[in-house]
Each structure stands twice: as C-alpha cells, then as structure tokens.
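> To be precise about what I am sending: the file is called protein_21.tsv and holds TSV, C-alpha atoms.
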chain	number	residue	atom	x	y	z
A	13	MET	CA	2.11	-35.23	15.79
A	14	GLU	CA	2.26	-35.85	12.04
A	15	LEU	CA	-0.83	-33.71	11.51
A	16	LEU	CA	0.60	-30.90	13.67
A	17	GLU	CA	3.96	-31.06	11.92
A	18	SER	CA	2.23	-30.94	8.55
A	19	ALA	CA	0.24	-27.89	9.64
A	20	LEU	CA	3.46	-26.18	10.76
A	21	ALA	CA	5.17	-26.93	7.47
A	22	PHE	CA	2.09	-25.79	5.54
A	23	ALA	CA	2.17	-22.48	7.45
A	24	VAL	CA	5.82	-22.04	6.45
A	25	VAL	CA	4.95	-22.52	2.78
A	26	MET	CA	2.14	-19.99	3.13
A	27	ILE	CA	4.55	-17.50	4.75
A	28	VAL	CA	6.87	-17.72	1.76
A	29	LEU	CA	4.10	-17.53	-0.84
A	30	SER	CA	2.13	-14.77	0.90
A	31	THR	CA	5.26	-12.66	1.19
A	32	ILE	CA	5.76	-12.99	-2.55
A	33	VAL	CA	2.15	-11.95	-3.10
A	34	THR	CA	2.62	-8.99	-0.76
A	35	GLY	CA	5.49	-7.77	-2.92
A	36	ILE	CA	3.45	-8.10	-6.10
A	37	VAL	CA	0.44	-6.33	-4.57
A	38	GLU	CA	2.60	-3.53	-3.21
A	39	ALA	CA	4.09	-3.02	-6.67
A	40	LEU	CA	0.61	-2.87	-8.22
A	41	LEU	CA	-0.71	-0.46	-5.58
A	42	ARG	CA	2.23	1.85	-6.10
A	43	PHE	CA	2.09	1.67	-9.88
A	44	PHE	CA	-1.60	2.58	-9.98
A	45	GLY	CA	-1.23	5.17	-7.22
A	46	VAL	CA	-3.93	3.69	-4.99
A	47	ARG	CA	-2.59	5.41	-1.87
A	48	GLN	CA	-2.42	8.79	-3.59
A	49	LYS	CA	-5.93	8.37	-4.96
A	50	THR	CA	-7.24	7.36	-1.54
A	51	LEU	CA	-5.71	10.45	0.08
A	52	ARG	CA	-7.08	12.68	-2.66
A	53	ALA	CA	-10.57	11.22	-2.20
A	54	THR	CA	-10.26	11.84	1.54
A	55	ILE	CA	-9.35	15.51	1.03
A	56	GLU	CA	-12.16	15.97	-1.51
A	57	SER	CA	-14.69	14.50	0.91
A	58	LEU	CA	-13.35	16.70	3.72
A	59	PHE	CA	-13.83	19.82	1.59
A	60	ASP	CA	-17.33	18.88	0.49
A	61	LYS	CA	-18.65	17.91	3.93
A	62	ILE	CA	-16.68	20.10	6.36
A	63	VAL	CA	-14.71	22.95	4.78
A	64	TRP	CA	-17.16	24.37	2.22
A	65	PRO	CA	-20.25	24.36	4.48
A	66	ARG	CA	-18.24	26.19	7.18
A	67	LEU	CA	-16.44	28.76	4.97
A	68	GLU	CA	-18.69	29.11	1.94
A	69	ALA	CA	-19.47	32.81	2.50
A	70	ARG	CA	-15.86	33.74	3.22
A	71	LEU	CA	-14.48	31.87	0.19
A	72	LYS	CA	-17.07	33.50	-2.10
A	73	GLN	CA	-16.10	36.87	-0.65
A	74	GLN	CA	-12.42	36.17	-1.36
A	75	ALA	CA	-13.19	35.17	-4.94
A	76	ALA	CA	-15.18	38.37	-5.48
A	77	SER	CA	-12.35	40.49	-4.00
A	78	ARG	CA	-9.75	38.91	-6.29
A	79	LYS	CA	-11.96	39.46	-9.30
A	80	THR	CA	-12.42	43.12	-8.36
A	81	ALA	CA	-8.70	43.60	-7.76
A	82	GLY	CA	-7.85	41.92	-11.05
A	83	THR	CA	-5.55	39.37	-9.43
A	84	ASP	CA	-7.61	36.39	-10.52
A	85	GLY	CA	-9.63	35.41	-13.52
A	86	ALA	CA	-13.39	35.16	-13.35
A	87	ALA	CA	-14.59	31.82	-12.02
A	88	SER	CA	-17.91	30.48	-13.23
A	89	ASP	CA	-18.18	28.23	-10.20
A	90	VAL	CA	-16.50	29.42	-7.01
A	91	GLU	CA	-17.06	26.12	-5.21
A	92	THR	CA	-15.47	24.05	-7.99
A	93	SER	CA	-12.50	26.38	-8.21
A	94	ALA	CA	-12.03	26.49	-4.42
A	95	ARG	CA	-12.34	22.72	-4.20
A	96	SER	CA	-9.75	22.13	-6.91
A	97	ASP	CA	-7.28	24.59	-5.37
A	98	PHE	CA	-7.74	23.12	-1.91
A	99	VAL	CA	-7.26	19.51	-3.01
A	100	ASN	CA	-4.20	20.37	-5.12
A	101	GLY	CA	-2.67	22.39	-2.32
A	102	MET	CA	-3.13	19.58	0.19
A	103	THR	CA	-1.88	16.72	-1.98
A	104	PHE	CA	0.80	18.08	-4.34
A	105	ASN	CA	4.34	16.67	-4.02
A	106	PRO	CA	6.86	19.54	-4.03
A	107	ALA	CA	9.71	17.14	-4.81
A	108	ALA	CA	8.07	15.74	-7.96
A	109	GLY	CA	8.38	18.90	-10.05
A	110	SER	CA	6.87	18.79	-13.52
A	111	SER	CA	8.73	15.79	-14.95
A	112	ASP	CA	6.99	14.27	-17.96
A	113	ARG	CA	8.36	10.87	-16.93
A	114	LEU	CA	6.03	10.74	-13.93
A	115	LEU	CA	2.43	9.60	-13.97
A	116	SER	CA	-0.13	12.06	-12.60
A	117	HIS	CA	-0.51	10.23	-9.27
A	118	GLN	CA	3.28	10.18	-8.82
A	119	LYS	CA	3.18	13.97	-8.55
A	120	ARG	CA	1.12	13.70	-5.38
A	121	ILE	CA	1.90	12.55	-1.86
A	122	ASP	CA	0.42	9.35	-0.47
A	123	VAL	CA	0.48	10.16	3.25
A	124	LEU	CA	-0.30	13.32	5.20
A	125	SER	CA	0.20	13.77	8.94
A	126	VAL	CA	-2.09	16.00	10.99
A	127	VAL	CA	0.65	18.60	11.52
A	128	ALA	CA	1.50	18.60	7.82
A	129	PHE	CA	-2.20	18.95	7.06
A	130	ALA	CA	-2.39	22.06	9.26
A	131	GLU	CA	0.74	23.53	7.70
A	132	ARG	CA	-0.47	22.99	4.15
A	133	LEU	CA	-3.90	24.29	5.14
A	134	GLY	CA	-2.34	27.61	6.13
A	135	ARG	CA	-0.93	28.04	2.61
A	136	THR	CA	-4.27	27.64	0.86
A	137	ASP	CA	-7.14	30.07	0.23
A	138	VAL	CA	-9.06	28.11	2.85
A	139	GLY	CA	-6.35	28.98	5.36
A	140	GLN	CA	-6.64	32.67	4.51
A	141	ALA	CA	-10.41	32.43	4.88
A	142	ILE	CA	-9.92	30.97	8.36
A	143	LEU	CA	-7.65	33.89	9.31
A	144	ALA	CA	-10.27	36.31	8.05
A	145	GLU	CA	-12.79	34.81	10.47
A	146	GLY	CA	-10.96	36.51	13.32
A	147	THR	CA	-8.46	35.52	16.01
A	148	ALA	CA	-11.05	34.00	18.34
A	149	ALA	CA	-12.41	31.72	15.61
A	150	VAL	CA	-9.08	30.37	14.34
A	151	GLU	CA	-8.39	27.80	17.05
A	152	PRO	CA	-11.90	26.23	17.12
A	153	ILE	CA	-11.96	25.97	13.31
A	154	ILE	CA	-8.49	24.39	13.17
A	155	GLN	CA	-9.44	21.90	15.87
A	156	ASP	CA	-12.61	21.02	13.98
A	157	PHE	CA	-10.82	20.66	10.65
A	158	THR	CA	-7.90	18.61	12.00
A	159	ARG	CA	-10.14	16.27	13.98
A	160	SER	CA	-12.36	15.85	10.95
A	161	PHE	CA	-9.26	15.13	8.86
A	162	GLU	CA	-8.21	12.42	11.33
A	163	ARG	CA	-11.67	10.87	11.19
A	164	PHE	CA	-11.83	10.97	7.39
A	165	SER	CA	-8.27	9.61	7.16
A	166	SER	CA	-9.18	6.64	9.36
A	167	ALA	CA	-12.09	5.86	7.08
A	168	GLY	CA	-9.83	6.19	4.03
A	169	ARG	CA	-7.25	3.83	5.54
A	170	GLU	CA	-9.96	1.27	6.21
A	171	VAL	CA	-11.08	1.46	2.58
A	172	PHE	CA	-7.48	1.09	1.43
A	173	ARG	CA	-6.93	-1.90	3.75
A	174	LYS	CA	-9.98	-3.70	2.38
A	175	ASN	CA	-8.97	-2.98	-1.21
A	176	ALA	CA	-5.43	-4.20	-0.53
A	177	LYS	CA	-6.77	-7.39	1.07
A	178	GLN	CA	-9.03	-8.07	-1.91
A	179	ALA	CA	-6.12	-7.42	-4.26
A	180	ALA	CA	-3.91	-9.81	-2.27
A	181	ILE	CA	-6.49	-12.59	-2.49
A	182	ALA	CA	-6.95	-11.99	-6.23
A	183	VAL	CA	-3.19	-12.04	-6.83
A	184	GLY	CA	-2.90	-15.12	-4.61
A	185	ILE	CA	-5.45	-16.98	-6.72
A	186	VAL	CA	-3.69	-15.96	-9.94
A	187	LEU	CA	-0.35	-17.10	-8.49
A	188	ALA	CA	-1.86	-20.39	-7.36
A	189	PHE	CA	-3.12	-21.18	-10.86
A	190	ALA	CA	0.03	-19.90	-12.57
A	191	ALA	CA	2.38	-21.87	-10.31
A	192	ASN	CA	-0.04	-24.81	-9.95
A	193	ILE	CA	-0.40	-24.73	-6.18
A	194	ASP	CA	-3.07	-27.22	-5.10
A	195	ALA	CA	-3.75	-26.89	-1.34
A	196	GLY	CA	-4.97	-30.48	-0.98
A	197	ARG	CA	-2.06	-31.99	-2.90
A	198	LEU	CA	0.38	-29.79	-0.96
A	199	PHE	CA	-0.93	-30.81	2.46
A	200	THR	CA	-1.10	-34.50	1.49
A	201	THR	CA	2.54	-34.39	0.38
A	202	LEU	CA	3.56	-32.87	3.71
A	203	MET	CA	1.65	-35.58	5.57
A	204	ASP	CA	3.40	-38.33	3.58
A	205	ASN	CA	6.95	-36.89	3.72
A	206	PRO	CA	8.34	-36.29	7.23
A	207	ASP	CA	11.73	-35.20	5.86
A	208	VAL	CA	10.16	-32.45	3.76
A	209	ARG	CA	8.05	-31.04	6.57
A	210	GLN	CA	10.93	-31.20	9.06
A	211	SER	CA	13.19	-29.34	6.63
A	212	LEU	CA	10.58	-26.63	6.16
A	213	ILE	CA	10.02	-26.22	9.89
A	214	GLU	CA	13.76	-25.87	10.52
A	215	GLN	CA	14.12	-23.29	7.74
A	216	ALA	CA	11.05	-21.25	8.68
A	217	GLY	CA	12.93	-18.20	9.95
A	218	GLU	CA	15.45	-18.17	7.11
A	219	ALA	CA	12.83	-18.58	4.39
A	220	ALA	CA	10.67	-15.79	5.75
A	221	GLU	CA	13.63	-13.43	6.19
A	222	ALA	CA	14.93	-14.07	2.68
A	223	ASN	CA	11.56	-13.33	1.13
A	224	GLN	CA	11.05	-10.23	3.25
A	225	LYS	CA	14.36	-8.87	1.97
A	226	ALA	CA	13.30	-9.59	-1.60
A	227	VAL	CA	10.06	-7.68	-1.04
A	228	ALA	CA	11.99	-4.80	0.59
A	229	THR	CA	14.22	-4.58	-2.47
A	230	LEU	CA	11.17	-4.52	-4.74
A	231	GLN	CA	9.57	-1.77	-2.67
A	232	ALA	CA	12.78	0.29	-2.73
A	233	LEU	CA	12.81	0.01	-6.51
A	234	GLN	CA	9.20	1.14	-6.66
A	235	ASP	CA	10.07	4.17	-4.49
A	236	GLN	CA	12.88	5.08	-6.86
A	237	ILE	CA	10.55	4.79	-9.85
A	238	ALA	CA	7.93	6.93	-8.08
A	239	GLU	CA	10.48	9.71	-7.52
A	240	ASN	CA	12.29	9.71	-10.85
A	241	GLY	CA	10.14	7.75	-13.28
A	242	LEU	CA	11.18	4.54	-14.99
A	243	GLN	CA	14.79	4.82	-16.06
A	244	ASP	CA	16.30	2.71	-18.83
A	245	ASN	CA	18.41	0.56	-16.50
A	246	GLN	CA	15.51	-0.09	-14.10
A	247	ALA	CA	13.63	-2.33	-16.51
A	248	GLU	CA	16.46	-4.82	-16.03
A	249	GLU	CA	16.18	-4.45	-12.25
A	250	ILE	CA	12.48	-5.28	-12.42
A	251	LYS	CA	13.32	-8.41	-14.40
A	252	THR	CA	15.83	-9.31	-11.70
A	253	GLN	CA	13.19	-8.97	-8.98
A	254	ILE	CA	10.76	-11.10	-10.98
A	255	GLY	CA	13.54	-13.65	-11.33
A	256	GLU	CA	14.00	-13.70	-7.56
A	257	ILE	CA	10.30	-14.33	-7.03
A	258	LYS	CA	10.45	-17.14	-9.55
A	259	GLY	CA	13.51	-18.46	-7.75
A	260	GLY	CA	11.54	-18.53	-4.48
A	261	LEU	CA	8.90	-20.74	-6.11
A	262	GLU	CA	11.58	-23.00	-7.57
A	263	ALA	CA	13.20	-23.28	-4.15
A	264	LEU	CA	9.93	-24.56	-2.71
A	265	ALA	CA	9.64	-27.05	-5.53
A	266	SER	CA	13.21	-28.22	-4.88
A	267	GLU	CA	12.18	-29.09	-1.32
A	268	GLY	CA	9.98	-31.79	-2.83
A	269	LEU	CA	6.73	-29.88	-2.76
A	270	PRO	CA	4.21	-30.56	-5.55
A	271	ILE	CA	4.40	-27.10	-7.10
A	272	GLY	CA	4.87	-26.44	-10.80
A	273	HIS	CA	3.73	-27.51	-14.22
A	274	SER	CA	4.97	-31.08	-13.89
A	275	PHE	CA	1.86	-31.86	-11.86
A	276	TYR	CA	-1.78	-32.26	-12.82
A	277	PRO	CA	-3.37	-30.72	-14.85
A	278	TYR	CA	-0.40	-29.26	-16.80
A	279	CYS	CA	1.45	-32.60	-16.82
A	280	THR	CA	4.49	-31.37	-18.77
A	281	GLN	CA	6.33	-34.58	-17.86
A	282	GLY	CA	3.34	-36.89	-18.08
A	283	THR	CA	2.97	-39.57	-15.44
A	284	VAL	CA	6.68	-39.22	-14.63
A	285	GLY	CA	5.96	-35.87	-12.99
A	286	ASP	CA	2.63	-36.82	-11.42
A	287	LYS	CA	0.72	-40.11	-11.34
A	288	ALA	CA	-2.52	-38.14	-11.45
A	289	CYS	CA	-1.64	-37.27	-15.07
A	290	ALA	CA	-2.57	-40.81	-16.11
A	291	ALA	CA	-5.65	-40.96	-18.29
A	292	SER	CA	-8.89	-41.29	-16.33
A	293	PRO	CA	-11.04	-44.33	-17.08
A	294	ASP	CA	-14.29	-42.37	-17.57
A	295	ASN	CA	-15.68	-38.86	-17.96
A	296	ALA	CA	-17.04	-38.73	-14.41
A	297	THR	CA	-13.57	-39.30	-12.98
A	298	ARG	CA	-12.03	-36.69	-15.27
A	299	VAL	CA	-14.63	-34.09	-14.25
A	300	GLU	CA	-14.14	-34.93	-10.56
A	301	LYS	CA	-10.37	-34.49	-10.84
A	302	ALA	CA	-10.70	-31.19	-12.71
A	303	VAL	CA	-13.29	-29.72	-10.31
A	304	SER	CA	-11.26	-30.83	-7.30
A	305	TRP	CA	-8.12	-29.19	-8.69
A	306	VAL	CA	-9.90	-25.93	-9.49
A	307	LEU	CA	-11.50	-25.68	-6.05
A	308	LEU	CA	-8.37	-26.60	-4.10
A	309	THR	CA	-6.26	-24.21	-6.16
A	310	ILE	CA	-8.69	-21.40	-5.41
A	311	VAL	CA	-8.48	-22.36	-1.72
A	312	ALA	CA	-4.70	-22.16	-1.93
A	313	GLY	CA	-4.91	-18.71	-3.51
A	314	VAL	CA	-7.27	-17.43	-0.83
A	315	LEU	CA	-5.02	-18.81	1.93
A	316	ILE	CA	-1.97	-17.18	0.34
A	317	GLY	CA	-3.86	-13.89	0.14
A	318	LEU	CA	-4.41	-13.86	3.92
A	319	GLY	CA	-0.90	-12.45	4.20
A	320	GLY	CA	2.40	-13.11	5.94
A	321	PRO	CA	1.43	-11.63	9.34
A	322	PHE	CA	-1.56	-13.99	9.56
A	323	TRP	CA	0.57	-17.04	8.83
A	324	PHE	CA	3.27	-15.87	11.25
A	325	ARG	CA	0.64	-15.88	13.99
A	326	VAL	CA	-0.59	-19.31	12.90
A	327	PHE	CA	2.95	-20.69	12.89
A	328	SER	CA	3.69	-19.11	16.27
A	329	GLY	CA	0.57	-20.58	17.85
A	330	LEU	CA	1.16	-24.05	16.39
A	331	SER	CA	4.81	-23.90	17.47
A	332	GLN	CA	3.82	-23.36	21.10
A	333	VAL	CA	1.56	-26.40	21.02
A	334	PHE	CA	4.25	-28.38	19.22
A	335	GLN	CA	6.88	-27.44	21.81
A	336	VAL	CA	4.67	-28.59	24.68
A	337	LEU	CA	3.97	-31.93	23.01
A	338	ARG	CA	7.64	-32.46	22.21
A	339	ALA	CA	8.62	-31.59	25.76
A	340	PHE	CA	6.38	-34.35	27.04
A	341	ARG	CA	7.88	-36.75	24.54
A	342	GLY	CA	11.47	-35.63	25.15
A	343	GLY	CA	11.96	-34.26	21.65
A	344	SER	CA	13.79	-31.13	20.54
A	345	GLN	CA	11.87	-27.92	20.15
A	346	PRO	CA	11.53	-26.34	16.71
A	347	GLU	CA	12.80	-22.84	16.26
A	348	GLN	CA	9.96	-20.36	16.30
A	349	ALA	CA	9.85	-17.90	13.44
A	350	VAL	CA	9.72	-14.29	14.52
A	351	PRO	CA	8.65	-11.79	11.87
A	352	GLU	CA	11.36	-9.26	11.24
A	353	LYS	CA	10.26	-5.66	10.89
A	354	LEU	CA	11.50	-4.18	7.67
A	355	PRO	CA	13.38	-0.89	7.96
A	356	THR	CA	11.17	2.03	7.06
A	357	THR	CA	12.11	5.54	6.10
A	358	PRO	CA	10.13	8.20	7.96
A	359	ALA	CA	7.85	10.18	5.68
A	360	ALA	CA	9.11	13.61	4.73
A	361	GLU	CA	5.84	15.05	6.06
A	362	ALA	CA	6.72	13.82	9.57
A	363	SER	CA	10.46	14.62	9.56
A	364	ALA	CA	10.14	18.06	11.19
A	365	LYS	CA	7.10	18.79	13.32
A	366	PRO	CA	6.28	22.22	14.79
A	367	GLU	CA	5.27	22.39	18.43
A	368	SER	CA	1.58	22.10	17.71
A	369	VAL	CA	-0.95	21.84	14.95
A	370	LEU	CA	-2.15	25.36	15.61
A	371	ASP	CA	1.40	26.70	15.50
A	372	ALA	CA	2.00	24.94	12.16
A	373	PHE	CA	-1.12	26.51	10.70
A	374	LYS	CA	-0.43	30.04	11.99
A	375	VAL	CA	3.17	30.13	10.75
A	376	ALA	CA	2.19	28.89	7.28
A	377	ALA	CA	-0.92	31.09	7.09
A	378	ASP	CA	0.91	34.25	8.17
A	379	ALA	CA	3.68	33.58	5.64
A	380	GLN	CA	1.13	33.01	2.89
A	381	ALA	CA	-0.72	36.21	3.84
A	382	GLN	CA	2.52	38.14	3.37
A	383	VAL	CA	3.01	36.54	-0.05
A	384	ILE	CA	-0.54	37.48	-1.08
A	385	ALA	CA	-0.07	41.04	0.15
A	386	GLN	CA	3.19	41.35	-1.77
A	387	ARG	CA	1.59	39.97	-4.94
A	388	SER	CA	-1.33	42.39	-4.62
A	389	GLY	CA	1.08	45.30	-4.26
A	390	GLN	CA	3.06	44.24	-7.31
A	391	VAL	CA	-0.10	43.87	-9.40
A	392	ALA	CA	-1.27	47.31	-8.30
A	393	SER	CA	2.08	48.83	-9.34
A	394	GLY	CA	1.99	47.06	-12.73
A	395	GLN	CA	4.70	44.46	-11.99
A	396	ALA	CA	4.51	40.85	-13.16
A	397	ASN	CA	2.78	38.37	-10.93
A	398	PRO	CA	5.61	36.34	-9.36
A	399	GLN	CA	5.46	32.66	-8.55
A	400	PRO	CA	5.45	31.82	-4.84
A	401	ALA	CA	8.83	30.67	-3.57
A	402	ASP	CA	7.48	27.52	-1.92
A	403	GLY	CA	5.90	26.17	-5.09
A	404	VAL	CA	2.41	25.89	-3.60
A	405	PRO	CA	-0.27	26.06	-6.31
A	406	GLN	CA	-2.06	29.40	-6.20
A	407	THR	CA	-5.40	30.52	-7.52
Take the structure I supplied and represent it as structure tokens, if you would.


Amino acid sequence: MELLESALAFAVVMIVLSTIVTGIVEALLRFFGVRQKTLRATIESLFDKIVWPRLEARLKQQAASRKTAGTDGAASDVETSARSDFVNGMTFNPAAGSSDRLLSHQKRIDVLSVVAFAERLGRTDVGQAILAEGTAAVEPIIQDFTRSFERFSSAGREVFRKNAKQAAIAVGIVLAFAANIDAGRLFTTLMDNPDVRQSLIEQAGEAAEANQKAVATLQALQDQIAENGLQDNQAEEIKTQIGEIKGGLEALASEGLPIGHSFYPYCTQGTVGDKACAASPDNATRVEKAVSWVLLTIVAGVLIGLGGPFWFRVFSGLSQVFQVLRAFRGGSQPEQAVPEKLPTTPAAEASAKPESVLDAFKVAADAQAQVIAQRSGQVASGQANPQPADGVPQT
C-alpha cells in the first residue's frame, strides 16, 4: 500500500509540474509562431505537389493575360509569383492589419478549417483558374484540393505534435535542473512520509485545477499579445504569471517535498537543508552522487515532459486499484482527479460555415471574379486601381 500511495502522490506532483511546463511550452510556441509556420508550410507543400501540377497551364495563361492587359507587372517566374500569392492569400490574418508592433507570424492565422480553405481559395488567382476550367471541372477539382488539404493538414498536425512533445521534454528537463527536482529523492521522500503523500492525494483535484487556471490565464495573455502586440502594461502581467508558476513550485516545497536549492547539489543551507550536502569521504563517492543526481534529474524532466493528460490517466488508473485495495481493507476511498476541460473560444474561421465546401468556394470565387472584372474595366478607362474591399492580397 505504501508503494501504491507513493506512486499516486508522485503522479499528483507530476500533474502539477507538467501543467506548469505546458504553460511555458505554449507561451514559447505562440511567441515563435510555430503553429502559423506549420500551417504556412502545409499550404506551400499543397501548392507545390497538388495545385501547381494541376493548374500550371491555366495560371501561366492568366499571368500572360494580365501582362498583356497591363494590370500586372511582368513576373520573371510565374510559379514563384503564383506560389507566393496563393500562400499569402490562404494564411493572412485580416484582423492583424499592418501594425508594426506585431511580428511577421502574428499577421497570419494558425488554424484553417476545410470550409474556410475553400472560401479563401475562391478569392485567389488559383480559384479563378479553377473557374476558368469550366463548370463541369469545378466540383472534382475542389474535392481533390480540399481532400488533399485535409491530408496535408493531418501530416502538419502530426509534425507539430511531435515538435511540441520534444519541446515539453526539453523544458521539463530545464525546469528539473532549475528547480532541483530529483526523481529518486522525490519518490524516496514520498515513501518515507505518509502524511505528505496523503496530503497530496487528497489535494489532487484542487492542485490540478489551480494550475490549469494559471495556464489558461497565461494563454489568454498570449492571445492578447498576438492580436495587439506587447503593450507596456503587459510586461508586468507576464511577471505576474511567472510569479504564479514560481508560487506553484514553492507550494510543492511547502508540502515537505525535496524541491529547491536547499538540497544537493546546490546546498544553499548546507547540511541543515539536506544531509547529502555533507562532504563525501572520497572522490569516488562524490562522482557517484553527482552522476546519480544528474541522471535522476534528467529522468524527472522527461517524466514532467510527458504532460498532464498522461499523468491524469496514470493517477486515474492507480486510483482504481487503490480504491479496490482500500475497500477490502475497509479504508476510505481517495478522491479521483478528473481533468477539467479548459474553456476554448471557437476559431473565427469556424464561426460561420456555409452549407458546403463547394458553396463556400463558388460564392467567394464569383465575388472575386466580379472584383477582377471591375478592376479591369477601371484600368481600361484610365481610373486608379482600387484596393479590394475584403483586404485579400492581390497580384
């Protein structure tokens, strides 16, 4: 029972620490625009492997027509120009504007639904090329392009998931060394202190919920920064969030867990903080202690990087076994932690969906065709070339 209780308490500690790591990783991913870059790479690959081979002749014909009509500058490389226009049209964020406070990736969207893909497709030169293929060809091409987009998007999400997991493990290892979290020392302490492990088991749900809310607050702040750039008063908010994360670590330490710089090898309080800080009698012992600490700290970091959902499942499974054993022994059952789903705001791309993908494309493509026709008429009559009302980048 002591071993099972210790494993339960250890899972609770991992839930708290992995949730903190999740918040840090999410902040890093958003700051560096990993989602936006992944979507952009997906669209680029889709153009290179699906769109251009299918519509190469039509897009070259469009480019030649614009050059003849004088509505577009000469392009030395039609494919490069068409690729750039297509990718920009599919990934630009109309709400970002041209603020200098935003990084380049913050001016692009990070998620694109299939319907939104079809709608944006209709407003690009590629969409006009599809219309020019004839009514009978439109539906098969749209089906091919949208299904290919779904397939490419799935591959992109898998790449993002693996990168995020690697980042979480890396951040977990850094956190473990920075906060001095030794997996072996932590588990041994839980084995030797029944009061500590019982307290952690009883507070499992509360600890996880509190840290999830802290992460939600951090993510909301990142969303605000992504929309409006870093404002003067938000630097203080970031410091506050960092303070809350630090407070979570201090709360674990206050439970009696061996976390912090008082313990080996930092030994800020000498042997008062940790008996292992006493001088070793020989070099072999010192090397053994150092190697053991490094390895077990790396193990702790990797375990933290596995993520909150993983440790919720571990805790849930161990709780069921623990409940059965306690029932046989007449003990009380521990409360089982249930992960709370954080409230999410639906993406703007999915807030209003037309009846079908094909309908979304046709409406957008027809509207764009009217804009192009109007622009061509104005150029022919000597009027200035107006900007499209919807803000979609044009060639």

> Have a look at A:Ser165, A:Ser274, A:Asn100, A:Thr50 and name the one nearest to Thr136 of chain A; count only C-alpha atoms.

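Between A:Ser165, A:Ser274, A:Asn100, A:Thr50, the residue approaching Thr136 of chain A most closely is A:Asn100.
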
> My list of candidates is A:Arg47, A:Gly313, A:Pro277, A:Leu71. Which is closest to Arg298 of chain A when distances are computed with only C-alpha atoms?

A:Pro277

> Given all atoms listed in the file as the basis, pick out the residue of A:Arg197, A:Lys374, A:Arg325, A:Lys177 nearest to Glu38 of chain A.

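Closest to Glu38 of chain A, using all atoms listed in the file: A:Lys177.
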
> To one decimal in Å, tell me the separation between atom CA of Leu202 of chain A and atom CA of Ser18 of chain A.

5.4 Å

> Tell me which of A:Gln48, A:Gly317, A:Val126, A:Gly168 sits closest to Ala180 of chain A, counting only C-alpha atoms.

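Residue with the minimum atom-to-atom distance to Ala180 of chain A: A:Gly317.
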
> For the point (0.6, -34.8, 3.3) in file coordinates, what residues are within 12 Å, counting all atoms listed in the file? Give the answer as a list in words?

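Answer for this query, in the requested form: Glu14, Leu15, Leu16, Glu17, Ser18, Ala19, Leu20, Ala21, Phe22, Asp194, Ala195, Gly196, Arg197, Leu198, Phe199, Thr200, Thr201, Leu202, Met203, Asp204, Asn205, Pro206, Asp207, Val208, Arg209, Gly268, Leu269 and Pro270 of chain A.
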
> Can you tell me how far atom CA of Leu318 of chain A sits from atom CA of Arg120 of chain A, in Å to one decimal?

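Interatomic distance, atom CA of Leu318 of chain A to atom CA of Arg120 of chain A: 29.6 Å.
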
> One number please: atom CA of Asp378 of chain A to atom CA of Arg135 of chain A, in Å, one decimal.

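Separation of atom CA of Asp378 of chain A and atom CA of Arg135 of chain A: 8.5 Å.
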
> Of the candidates A:Asn175, A:Val311, A:Met13, A:Thr158, which one gets nearest to Leu337 of chain A if we count all atoms listed in the file?

A:Met13

> Which residues, written as a PyMOL selection string, have at least one atom at most 8 Å from segment 149-152 of chain A, with all atoms listed in the file counted and residues fewer than 6 positions away on the same chain left out?

chain A and resi 142-143+370

> Can you list, as a PyMOL selection string, every protein, DNA or RNA residue that comes within 9 Å of Leu315 of chain A when you count all atoms listed in the file, leaving out same-chain residues fewer than 5 positions away?

chain A and resi 26+30+181+184-185+195+310

> Create the file for the chosen residues now, containing C-alpha atoms and written as a compact mmCIF listing (two decimals), keeping the file's coordinate frame.


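Produced file part_1.txt, reproduced below:
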# COMPACT_ATOMS: atom_id res chain seq x y z
CA MET A 26 2.14 -19.99 3.13
CA SER A 30 2.13 -14.77 0.90
CA ILE A 181 -6.49 -12.59 -2.49
CA GLY A 184 -2.90 -15.12 -4.61
CA ILE A 185 -5.45 -16.98 -6.72
CA ALA A 195 -3.75 -26.89 -1.34
CA ILE A 310 -8.69 -21.40 -5.41
